[in-house]
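Trainee: Starting off with a structure, shown below.
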Amino acid sequence: MDRLNIVSEKRLCLGCGLCETIGKEKGYRVALSEETGFYALSLPRERDPQIEKEILNCCPSVNLSGDGSGSIWGRRIKAFNAYSTDPEIRHAASSGGVVTSLCLFLLKTGHVSAVLHVAQEEGNPLSNKLVLSRNRQELLSRCSSRYAPSRTFHDIRDFLDSDDTFCFVGKPCDVFVMKRYLDGHPEYGGKIRFFISIFCAGMPSYNATKEIFARHDCSEADLVSLKYRGNGWPGYFAASFRNDKTIKMDYATSWGKVLGRHIHFRCKICPDGVGLHGDIAVGDAWQTANGYPDFTERPGKSFVLVRTETADRLIREAVEQNAIVTENLDIDSLSKIQPTQHRRRCAVGYRILGIQLMTFGLFRIRKMHLFRLMMHYNPAKGLKNTFGCIARYRRLFE
Ligand SMILES: Cc1cc2nc3c(=O)[nH]c(=O)nc-3n(C[C@H](O)[C@H](O)[C@H](O)COP(=O)(O)OP(=O)(O)OC[C@H]3O[C@@H](n4cnc5c(N)ncnc54)[C@H](O)[C@@H]3O)c2cc1C
């Protein structure tokens, strides 16, 4: 089996949609599977080696590309906590509303003319889509995390062909794909001026959202609105339905008991949940209690890892012009604030090893320094991860 066959048939496709942009005319499609609740590539009968070369060059399922730092939290110039000075944005957003406020700042100051980011598809509250926002109202209505898949890149050329200049917001794998695609398309050089990566613990299946509906005896067919979190920090999973039914579920239950248990298998072996390729990476600056994140409701706060000089300049401007407020962050405390991310960065090399063996070398690994990261992890536990991962992978096909 060749690499793309393995990706599409062995449930390793993240469904980002780029294959469709590259190979639509030749029948390369990315479609939602009712069974898994994830988007996945379907290959045409007549394969095209030239198209597949380009797909494989960008594919986030195959390419594990690091920043060369070998550091758990990645290369960075600065790190701090922050929140939006706009109370409405701070309240509606996932954590501190920093992503939305920085996007708004970039628009207001003319650094970019539009923001490309993932939000709910208009008229279809369950579905996610890449959208373009140009003002505060659009950004505000589209902030906060969507804990479900998105076929983000299937029509990316339509956006890039416009006269706009963009800030791109996405999960770490989205930022990787976007940058890699642009590297191969100099005609779009300079179109994306700024990359914001959110931290990511993995993408839950659409079926996880439907499971929450089913637990409350609600049906997708009656869905009117759906927000996964926000309106507080961490806020609530909130859905409303045509028959006046509503669901309101706290974050510890929605993420901890349902959504987080249905994440894509490929995300479990992802070595970059920390946004290595963003100009900045942003996550939840949880308070901790007894050494663990504490999800008690309070005003939202994000942490920001500043990775590039461009980002450093922008943040200084944004602070000077009172778009965001920053606070001190002790980088060593991140391992307690984000224990899952910390553990995964250290253990993931062992998991990748298992799947690399099972797929006879599917992954192209560059600048990831997996062995250096593995040194932070107990080898016996690491090997347990290797075999556990192989077992889970095999169970996917039972
Ligand atoms: C699947 C998923 C897993 C996550 N896991 C973690 C984690 O382990 N640790 C952690 O600290 N944070 C995680 N986050 C990020 C976190 O939820 C917040 O997005 C982050 O803290 C930024 O908060 P904010 O208030 O500054 O962002 P906001 O101002 O609320 O802006 C959020 C931005 O994220 C974009 N976005 C929302 N959903 C998606 C999506 N599915 N794909 C791409 N872009 C999207 C929106 O378009 C918006 O621009 C995850 C987010 C997602 C979507």
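Please note that chains go A, B, ... in the order of the structure tokens, that every chain numbers its residues from 1, and that ligands are numbered from 1 in the order shown.
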Dump as CSV the rows for residues of range 144-251 of chain A within 10 Å of range 334-348 of chain A: closest atom pair and distance in Å with one decimal, only C-alpha atoms counted, ordered by chain and rising residue number.
Mentor:
residue,atom,partner,partner_atom,distance
A:Phe199,CA,A:Gln341,CA,8.7
A:Cys200,CA,A:Gln341,CA,8.3
A:Ala201,CA,A:Gln341,CA,6.9
Trainee: Name all residues at most 9 Å from Leu132 in chain A (count only C-alpha atoms; drop same-chain ones fewer than 3 positions away) and give them as an MDAnalysis selection string.
Mentor: chainID A and resid 114:118 138 159 166
Trainee: Identify, on the basis of only C-alpha atoms, every residue whose closest approach to Cys16 in chain A does not exceed 8 Å; exclude the query and any residue fewer than 6 positions from it along the same chain; express the result as a PyMOL selection string.
Mentor: chain A and resi 39+150-154+174
Trainee: Please save N, CA and C atoms of the selected residues as a PDB file, in the first residue's frame.
Mentor:
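Saved as out_12.pdb:
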ATOM      1  N   TYR A  39     -14.185  13.733   8.527  1.00  0.00           N
ATOM      2  CA  TYR A  39     -13.952  13.834   7.089  1.00  0.00           C
ATOM      3  C   TYR A  39     -12.761  12.950   6.735  1.00  0.00           C
ATOM      4  N   SER A 150     -13.352  19.875  10.668  1.00  0.00           N
ATOM      5  CA  SER A 150     -13.589  20.927   9.683  1.00  0.00           C
ATOM      6  C   SER A 150     -12.801  20.583   8.419  1.00  0.00           C
ATOM      7  N   ARG A 151     -13.482  20.713   7.265  1.00  0.00           N
ATOM      8  CA  ARG A 151     -12.805  20.443   5.987  1.00  0.00           C
ATOM      9  C   ARG A 151     -12.185  21.767   5.528  1.00  0.00           C
ATOM     10  N   THR A 152     -11.297  22.286   6.368  1.00  0.00           N
ATOM     11  CA  THR A 152     -10.845  23.678   6.301  1.00  0.00           C
ATOM     12  C   THR A 152     -10.364  24.148   4.925  1.00  0.00           C
ATOM     13  N   PHE A 153      -9.621  23.292   4.213  1.00  0.00           N
ATOM     14  CA  PHE A 153      -8.898  23.801   3.034  1.00  0.00           C
ATOM     15  C   PHE A 153      -9.529  23.438   1.688  1.00  0.00           C
ATOM     16  N   HIS A 154     -10.747  22.911   1.689  1.00  0.00           N
ATOM     17  CA  HIS A 154     -11.244  22.359   0.423  1.00  0.00           C
ATOM     18  C   HIS A 154     -11.507  23.430  -0.636  1.00  0.00           C
ATOM     19  N   ASP A 174      -3.516  22.793  11.074  1.00  0.00           N
ATOM     20  CA  ASP A 174      -4.017  23.721  10.049  1.00  0.00           C
ATOM     21  C   ASP A 174      -2.911  24.708   9.651  1.00  0.00           C
TER      22      ASP A 174
END
Trainee: Using only C-alpha atoms, which residue out of A:Gly70, A:Gly275, A:Pro234, A:Gly354 lies closest to Asp294 in chain A?
Mentor: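 With only C-alpha atoms as the atom set, the closest residue is A:Pro234.
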Trainee: Measure the distance from CA of Trp233 in chain A to CA of Pro172 in chain A in Å and round it to one decimal.
Mentor: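 Distance reported for this atom pair: 22.1 Å.
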Trainee: My list of candidates is A:Ser302, A:Thr209, A:Asn81, A:Asn135. Which is closest to ligand 1 when distances are computed with only C-alpha atoms and all ligand atoms?
Mentor: A:Ser302
Trainee: Between CA of Pro125 in chain A and CA of Lys301 in chain A, measure the distance and give it in Å to one decimal.
Mentor: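 So the two atoms, CA of Pro125 in chain A and CA of Lys301 in chain A, lie 26.3 Å apart.
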Trainee: Report as a list in words all protein, DNA and RNA residues lying within 12 Å of Arg45 in chain A, evaluated on only C-alpha atoms, omitting residues in the same chain fewer than 4 positions from it.
Mentor: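 Skipping anything fewer than 4 positions along the chain leaves Asn5, Lys26, Gly27, Tyr28 and Arg29 of chain A.
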Trainee: Using N, CA, C and O atoms, can you export the residues from the last selection as an mmCIF file, in the first residue's frame?
Mentor:
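File written: selection_4.cif
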data_model
loop_
_atom_site.group_PDB
_atom_site.id
_atom_site.type_symbol
_atom_site.label_atom_id
_atom_site.label_comp_id
_atom_site.auth_asym_id
_atom_site.auth_seq_id
_atom_site.Cartn_x
_atom_site.Cartn_y
_atom_site.Cartn_z
ATOM 1 N N ASN A 5 -2.882 5.681 0.217
ATOM 2 C CA ASN A 5 -3.781 4.559 0.487
ATOM 3 C C ASN A 5 -3.863 4.279 1.978
ATOM 4 O O ASN A 5 -4.948 4.081 2.532
ATOM 5 N N LYS A 26 -9.358 15.800 -10.717
ATOM 6 C CA LYS A 26 -9.018 14.396 -10.999
ATOM 7 C C LYS A 26 -9.750 13.437 -10.055
ATOM 8 O O LYS A 26 -9.410 12.275 -9.946
ATOM 9 N N GLY A 27 -10.727 13.951 -9.309
ATOM 10 C CA GLY A 27 -11.579 13.046 -8.517
ATOM 11 C C GLY A 27 -11.117 12.808 -7.084
ATOM 12 O O GLY A 27 -11.656 11.919 -6.415
ATOM 13 N N TYR A 28 -10.156 13.574 -6.584
ATOM 14 C CA TYR A 28 -9.748 13.428 -5.176
ATOM 15 C C TYR A 28 -10.779 14.169 -4.324
ATOM 16 O O TYR A 28 -11.020 15.355 -4.534
ATOM 17 N N ARG A 29 -11.405 13.475 -3.404
ATOM 18 C CA ARG A 29 -12.515 14.045 -2.638
ATOM 19 C C ARG A 29 -12.313 13.850 -1.143
ATOM 20 O O ARG A 29 -11.734 12.846 -0.720
#
Trainee: Pick from A:Arg180, A:Leu160, A:Val325, A:Gly97: nearest to Pro60 in chain A, with only C-alpha atoms counted?
Mentor: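 Result for the nearest residue to Pro60 in chain A: A:Arg180.
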